[in-house]
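Following: one structure in structure tokens, then a few remarks.
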Amino acid sequence: MNGKNLRLEKLFNRSENAVIVAIDHGLFDGPIPGLVNMTEMVKKIDPCVDGVLLSPGMLKLLRPLFNYRGAPLPIVRLNWSSVYCFHWNYNAAYTVISQTVEEAVANGAEVVLGSLTLQTTEKNDVKNVDVYSRLVNSADKLGVPFIGEYYPAYSDKLTKEEMHEQVYSCCRILTEIGCDMIKTFYTHNFKEITESCPVPIFGLGAEKKPTQLEALQLAADEIRDGARGVVFGRNAIQVPDPIGFQRALCDVVKNNMSPVDALKRHNLKD
């Protein structure tokens, strides 16, 4: 599809690795530090990043992030899942569609994302696959790139081996159902995951790292192990200098700069 290819080529600018900043946390957490004031959010995103992941309602409110030449691509999350509501002690991963692909595109989305959680219950897994499949097939008809996200239930309670096995098997399932890219957790054998999937994989930042150097090192490890980019949220926003950190992140992900050199170049301090 020409439309899908064009959008993918914009995201992976001249075949570079891609950096996406996630600011969709309010969809599940409400306001969190660094993402309380939407007007201020615009000032915390550097144009060096390739995309911004946001909730359906945010795109209408954050036009200045996307309405100029060379701006990051707006990436809209389409389904709402209880698996992200840790503060309510939810983990069953019940999922609904919060916005259709058509509605997201009408609002300006250039890429969309749908999440999938498996190994919950047999009945709920079937429902989640149904939601995910309808979204990915709708995006395909419209020529809109689709990022499939795999996020396991009880992610904070899984052993390293359990996390890897779930991500390894379920990322392939996401691909087999249909998607153009995948966003998921970094595991201790991430290279096995990237080599088993025929689509580009983004490593996520997950929990806030104690230092910016550790966050940059995570990004470097993900790229070394075959990721085609990263999706960082708290690690890219809840820092003293978000713009400086994102520029350092782009240097690590796109230019293979060492985390230590990137930290020094952008004068980042915790």
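How things are named: the first chain in the structure tokens is A, the next is B, and so on; residues count from 1 in each chain; ligands count from 1 in the order shown.
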Item to check | Spatial neighbours of A:Ala106, max dist 12 Å, only C-alpha atoms, sep filter under 6 positions, as a PyMOL selection string | outcome: chain A and resi 56+59-60+76+99-100+142+144
Checklist entry - Looking only at the backbone, which of the residues in stretch 68-214 of chain A does DSSP tag as strand (DSSP E or B), as an NGL selection string? => result :A and (73-77 or 79-81 or 95-97 or 111-116 or 146-150 or 181-184 or 201-204)
Those residues with N, CA and C atoms, as a PDB file, in the first residue's frame please?
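Contents of part.pdb, as written:
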ATOM      1  N   LEU A  73       5.455  12.380  14.105  1.00  0.00           N
ATOM      2  CA  LEU A  73       4.174  11.824  13.679  1.00  0.00           C
ATOM      3  C   LEU A  73       3.280  11.563  14.891  1.00  0.00           C
ATOM      4  N   PRO A  74       1.999  11.919  14.825  1.00  0.00           N
ATOM      5  CA  PRO A  74       1.072  11.565  15.899  1.00  0.00           C
ATOM      6  C   PRO A  74       0.682  10.095  15.813  1.00  0.00           C
ATOM      7  N   ILE A  75       0.901   9.376  16.916  1.00  0.00           N
ATOM      8  CA  ILE A  75       0.589   7.949  17.010  1.00  0.00           C
ATOM      9  C   ILE A  75      -0.484   7.794  18.080  1.00  0.00           C
ATOM     10  N   VAL A  76      -1.639   7.285  17.719  1.00  0.00           N
ATOM     11  CA  VAL A  76      -2.778   7.254  18.636  1.00  0.00           C
ATOM     12  C   VAL A  76      -3.050   5.829  19.128  1.00  0.00           C
ATOM     13  N   ARG A  77      -3.166   5.688  20.457  1.00  0.00           N
ATOM     14  CA  ARG A  77      -3.541   4.419  21.070  1.00  0.00           C
ATOM     15  C   ARG A  77      -5.052   4.245  20.931  1.00  0.00           C
ATOM     16  N   ASN A  79      -7.077   1.250  21.892  1.00  0.00           N
ATOM     17  CA  ASN A  79      -7.881   0.466  22.827  1.00  0.00           C
ATOM     18  C   ASN A  79      -7.479   0.745  24.267  1.00  0.00           C
ATOM     19  N   TRP A  80      -8.436   0.554  25.143  1.00  0.00           N
ATOM     20  CA  TRP A  80      -8.240   0.779  26.580  1.00  0.00           C
ATOM     21  C   TRP A  80      -8.263  -0.576  27.265  1.00  0.00           C
ATOM     22  N   SER A  81      -7.222  -0.850  28.058  1.00  0.00           N
ATOM     23  CA  SER A  81      -7.127  -2.137  28.742  1.00  0.00           C
ATOM     24  C   SER A  81      -6.889  -1.930  30.226  1.00  0.00           C
ATOM     25  N   THR A  95     -10.423  -5.500  27.763  1.00  0.00           N
ATOM     26  CA  THR A  95     -10.065  -4.524  26.742  1.00  0.00           C
ATOM     27  C   THR A  95     -11.269  -4.101  25.917  1.00  0.00           C
ATOM     28  N   VAL A  96     -11.335  -2.800  25.619  1.00  0.00           N
ATOM     29  CA  VAL A  96     -12.374  -2.258  24.740  1.00  0.00           C
ATOM     30  C   VAL A  96     -11.729  -1.286  23.753  1.00  0.00           C
ATOM     31  N   ILE A  97     -12.440  -1.026  22.675  1.00  0.00           N
ATOM     32  CA  ILE A  97     -11.984  -0.023  21.705  1.00  0.00           C
ATOM     33  C   ILE A  97     -12.393   1.349  22.205  1.00  0.00           C
ATOM     34  N   VAL A 111      -0.179   7.172  12.479  1.00  0.00           N
ATOM     35  CA  VAL A 111       0.124   5.801  12.893  1.00  0.00           C
ATOM     36  C   VAL A 111      -0.815   5.496  14.051  1.00  0.00           C
ATOM     37  N   VAL A 112      -1.213   4.225  14.200  1.00  0.00           N
ATOM     38  CA  VAL A 112      -2.071   3.853  15.322  1.00  0.00           C
ATOM     39  C   VAL A 112      -1.449   2.675  16.069  1.00  0.00           C
ATOM     40  N   LEU A 113      -1.881   2.503  17.307  1.00  0.00           N
ATOM     41  CA  LEU A 113      -1.365   1.430  18.157  1.00  0.00           C
ATOM     42  C   LEU A 113      -2.514   0.695  18.819  1.00  0.00           C
ATOM     43  N   GLY A 114      -2.413  -0.627  18.852  1.00  0.00           N
ATOM     44  CA  GLY A 114      -3.372  -1.438  19.572  1.00  0.00           C
ATOM     45  C   GLY A 114      -2.628  -2.435  20.442  1.00  0.00           C
ATOM     46  N   SER A 115      -3.068  -2.601  21.675  1.00  0.00           N
ATOM     47  CA  SER A 115      -2.376  -3.514  22.591  1.00  0.00           C
ATOM     48  C   SER A 115      -3.111  -4.840  22.670  1.00  0.00           C
ATOM     49  N   LEU A 116      -2.357  -5.854  23.075  1.00  0.00           N
ATOM     50  CA  LEU A 116      -2.919  -7.189  23.255  1.00  0.00           C
ATOM     51  C   LEU A 116      -2.276  -7.832  24.472  1.00  0.00           C
ATOM     52  N   PHE A 146       0.286   0.123  11.730  1.00  0.00           N
ATOM     53  CA  PHE A 146      -0.265  -0.332  13.002  1.00  0.00           C
ATOM     54  C   PHE A 146       0.849  -0.898  13.867  1.00  0.00           C
ATOM     55  N   ILE A 147       0.988  -0.344  15.064  1.00  0.00           N
ATOM     56  CA  ILE A 147       1.932  -0.873  16.052  1.00  0.00           C
ATOM     57  C   ILE A 147       1.163  -1.795  16.988  1.00  0.00           C
ATOM     58  N   GLY A 148       1.565  -3.040  17.053  1.00  0.00           N
ATOM     59  CA  GLY A 148       0.993  -3.963  18.015  1.00  0.00           C
ATOM     60  C   GLY A 148       1.821  -3.939  19.289  1.00  0.00           C
ATOM     61  N   GLU A 149       1.160  -3.786  20.412  1.00  0.00           N
ATOM     62  CA  GLU A 149       1.872  -3.739  21.691  1.00  0.00           C
ATOM     63  C   GLU A 149       1.554  -4.988  22.492  1.00  0.00           C
ATOM     64  N   TYR A 150       2.599  -5.685  22.921  1.00  0.00           N
ATOM     65  CA  TYR A 150       2.345  -6.805  23.828  1.00  0.00           C
ATOM     66  C   TYR A 150       2.726  -6.403  25.250  1.00  0.00           C
ATOM     67  N   MET A 181       4.506  -3.194  13.126  1.00  0.00           N
ATOM     68  CA  MET A 181       5.585  -2.996  14.088  1.00  0.00           C
ATOM     69  C   MET A 181       5.100  -3.525  15.427  1.00  0.00           C
ATOM     70  N   ILE A 182       6.030  -3.722  16.357  1.00  0.00           N
ATOM     71  CA  ILE A 182       5.670  -4.181  17.698  1.00  0.00           C
ATOM     72  C   ILE A 182       6.384  -3.342  18.743  1.00  0.00           C
ATOM     73  N   LYS A 183       5.676  -3.030  19.809  1.00  0.00           N
ATOM     74  CA  LYS A 183       6.233  -2.354  20.979  1.00  0.00           C
ATOM     75  C   LYS A 183       6.116  -3.310  22.155  1.00  0.00           C
ATOM     76  N   THR A 184       7.246  -3.558  22.849  1.00  0.00           N
ATOM     77  CA  THR A 184       7.173  -4.509  23.954  1.00  0.00           C
ATOM     78  C   THR A 184       8.342  -4.349  24.908  1.00  0.00           C
ATOM     79  N   ILE A 201      10.722  -4.091  15.751  1.00  0.00           N
ATOM     80  CA  ILE A 201      10.327  -4.096  17.156  1.00  0.00           C
ATOM     81  C   ILE A 201      10.900  -2.877  17.860  1.00  0.00           C
ATOM     82  N   PHE A 202      10.045  -2.223  18.665  1.00  0.00           N
ATOM     83  CA  PHE A 202      10.465  -1.131  19.524  1.00  0.00           C
ATOM     84  C   PHE A 202      10.587  -1.641  20.951  1.00  0.00           C
ATOM     85  N   GLY A 203      11.694  -1.323  21.607  1.00  0.00           N
ATOM     86  CA  GLY A 203      11.828  -1.632  23.016  1.00  0.00           C
ATOM     87  C   GLY A 203      11.263  -0.490  23.837  1.00  0.00           C
ATOM     88  N   LEU A 204      10.487  -0.797  24.858  1.00  0.00           N
ATOM     89  CA  LEU A 204       9.924   0.286  25.665  1.00  0.00           C
ATOM     90  C   LEU A 204      10.828   0.596  26.858  1.00  0.00           C
TER      91      LEU A 204
END
Checklist entry - Using only C-alpha atoms, which residue out of A:Phe232, A:Thr120, A:Ala220, A:Val36 lies closest to A:Asp251? => result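 The answer is A:Ala220, which sits nearest to A:Asp251.
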Checklist entry - Which of these, A:Asn128, A:Thr194, A:Asn13, A:Ser138, has the shortest distance to A:Ala93 once you count only C-alpha atoms? => result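 Distance minimum relative to A:Ala93 lands on A:Asn128.
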Next on the checklist: List as a count of residues only the protein and nucleic acid residues near A:Trp88, meaning an atom at most 10 Å away when only C-alpha atoms are counted, but skip any in the same chain fewer than 5 places from it.
Outcome noted: 4
Using only C-alpha atoms, find each residue of stretch 130-246 of chain A with at least one atom at most 10 Å away from an atom of stretch 260-266 of chain A; report its shortest atom-to-atom pair and that distance in Å (one decimal), sort the rows by chain and rising residue number, and return the result as JSON lines.
{"residue": "A:Gln212", "atom": "CA", "partner": "A:Leu263", "partner_atom": "CA", "distance": 7.9}
{"residue": "A:Leu213", "atom": "CA", "partner": "A:Leu263", "partner_atom": "CA", "distance": 6.7}
{"residue": "A:Glu214", "atom": "CA", "partner": "A:Val260", "partner_atom": "CA", "distance": 9.7}
{"residue": "A:Leu216", "atom": "CA", "partner": "A:Leu263", "partner_atom": "CA", "distance": 8.2}
{"residue": "A:Gln217", "atom": "CA", "partner": "A:Val260", "partner_atom": "CA", "distance": 8.5}
{"residue": "A:Asp241", "atom": "CA", "partner": "A:His266", "partner_atom": "CA", "distance": 9.5}
{"residue": "A:Ile243", "atom": "CA", "partner": "A:His266", "partner_atom": "CA", "distance": 9.4}
{"residue": "A:Gly244", "atom": "CA", "partner": "A:His266", "partner_atom": "CA", "distance": 5.7}
{"residue": "A:Phe245", "atom": "CA", "partner": "A:His266", "partner_atom": "CA", "distance": 7.3}
{"residue": "A:Gln246", "atom": "CA", "partner": "A:His266", "partner_atom": "CA", "distance": 9.6}
Restrict the selected residues to N, CA and C atoms and save them as a CSV table (one decimal), in the first residue's frame.
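selection19.csv, freshly written:
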chain,number,residue,atom,x,y,z
A,212,GLN,N,19.6,9.0,34.3
A,212,GLN,CA,19.5,9.1,32.9
A,212,GLN,C,20.5,8.3,32.1
A,213,LEU,N,21.6,8.0,32.7
A,213,LEU,CA,22.6,7.2,32.0
A,213,LEU,C,22.1,5.8,31.9
A,214,GLU,N,21.4,5.3,33.0
A,214,GLU,CA,20.8,3.9,32.9
A,214,GLU,C,19.7,3.9,31.8
A,216,LEU,N,19.6,5.7,29.1
A,216,LEU,CA,20.2,5.7,27.8
A,216,LEU,C,20.9,4.3,27.5
A,217,GLN,N,21.4,3.7,28.5
A,217,GLN,CA,22.0,2.4,28.4
A,217,GLN,C,21.0,1.4,28.0
A,241,ASP,N,15.7,17.9,32.2
A,241,ASP,CA,15.8,18.6,30.9
A,241,ASP,C,15.3,17.6,29.8
A,243,ILE,N,14.1,18.0,26.8
A,243,ILE,CA,14.6,18.2,25.5
A,243,ILE,C,16.0,17.7,25.3
A,244,GLY,N,16.8,18.0,26.3
A,244,GLY,CA,18.2,17.5,26.3
A,244,GLY,C,18.3,16.0,26.3
A,245,PHE,N,17.5,15.4,27.1
A,245,PHE,CA,17.5,13.9,27.2
A,245,PHE,C,17.0,13.3,25.8
A,246,GLN,N,16.0,13.9,25.2
A,246,GLN,CA,15.5,13.3,24.0
A,246,GLN,C,16.5,13.5,22.9
Spatial neighbours of A:Ile20, max dist 6 Å, only C-alpha atoms, sep filter under 5 positions, as a tab-separated table (two decimals) with C-alpha atoms, in the first residue's frame:
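Output contents, as saved in out25.tsv:
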chain	number	residue	atom	x	y	z
A	50	ASP	CA	10.04	10.64	15.12
A	51	GLY	CA	6.68	10.09	16.79
A	52	VAL	CA	4.61	10.85	19.86
A	231	VAL	CA	9.34	4.06	22.93
Checklist outcome for this item: In Å and to one decimal, atom CA of A:Pro259 is distant from atom CA of A:His188 by 19.3 Å
Checklist entry - What lies within 9 Å of A:Asn137 using only C-alpha atoms, ignoring chain neighbours under 5 positions off, as a list of chain:residue names? => result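 Those residues are A:Tyr132, A:Leu142, A:Gly178, A:Cys179.
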Checklist entry - What residues in stretch 137-270 of chain A get the DSSP label alpha helix (DSSP H)? Please answer as JSON, numbers by chain. => result {"A": [137, 138, 139, 140, 141, 142, 160, 161, 162, 163, 164, 165, 166, 167, 168, 169, 170, 171, 172, 173, 174, 175, 176, 177, 190, 191, 192, 193, 194, 195, 196, 212, 213, 214, 215, 216, 217, 218, 219, 220, 221, 222, 223, 224, 234, 235, 236, 237, 242, 243, 244, 245, 246, 247, 248, 249, 250, 251, 252, 253, 254, 255, 259, 260, 261, 262, 263, 264, 265]}
Checklist entry - Suppose you want the space between atom CA of A:Lys123 and atom CA of A:Leu27; what is it in Å? => result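 Rounded to one decimal, the two atoms are 25.0 Å apart.
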Checklist entry - A:Pro240: which residues within 12 Å, counting only C-alpha atoms, same-chain residues fewer than 3 positions away excluded, as a list of chain:residue names? => result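 Counting only the stated atoms, we get A:Pro33, A:Gly34, A:Lys44, A:Thr211, A:Gln212, A:Arg234, A:Asn235, A:Ala236, A:Ile237, A:Ile243, A:Gly244, A:Phe245, A:Gln246, A:Asn267, A:Leu268, A:Lys269, A:Asp270.
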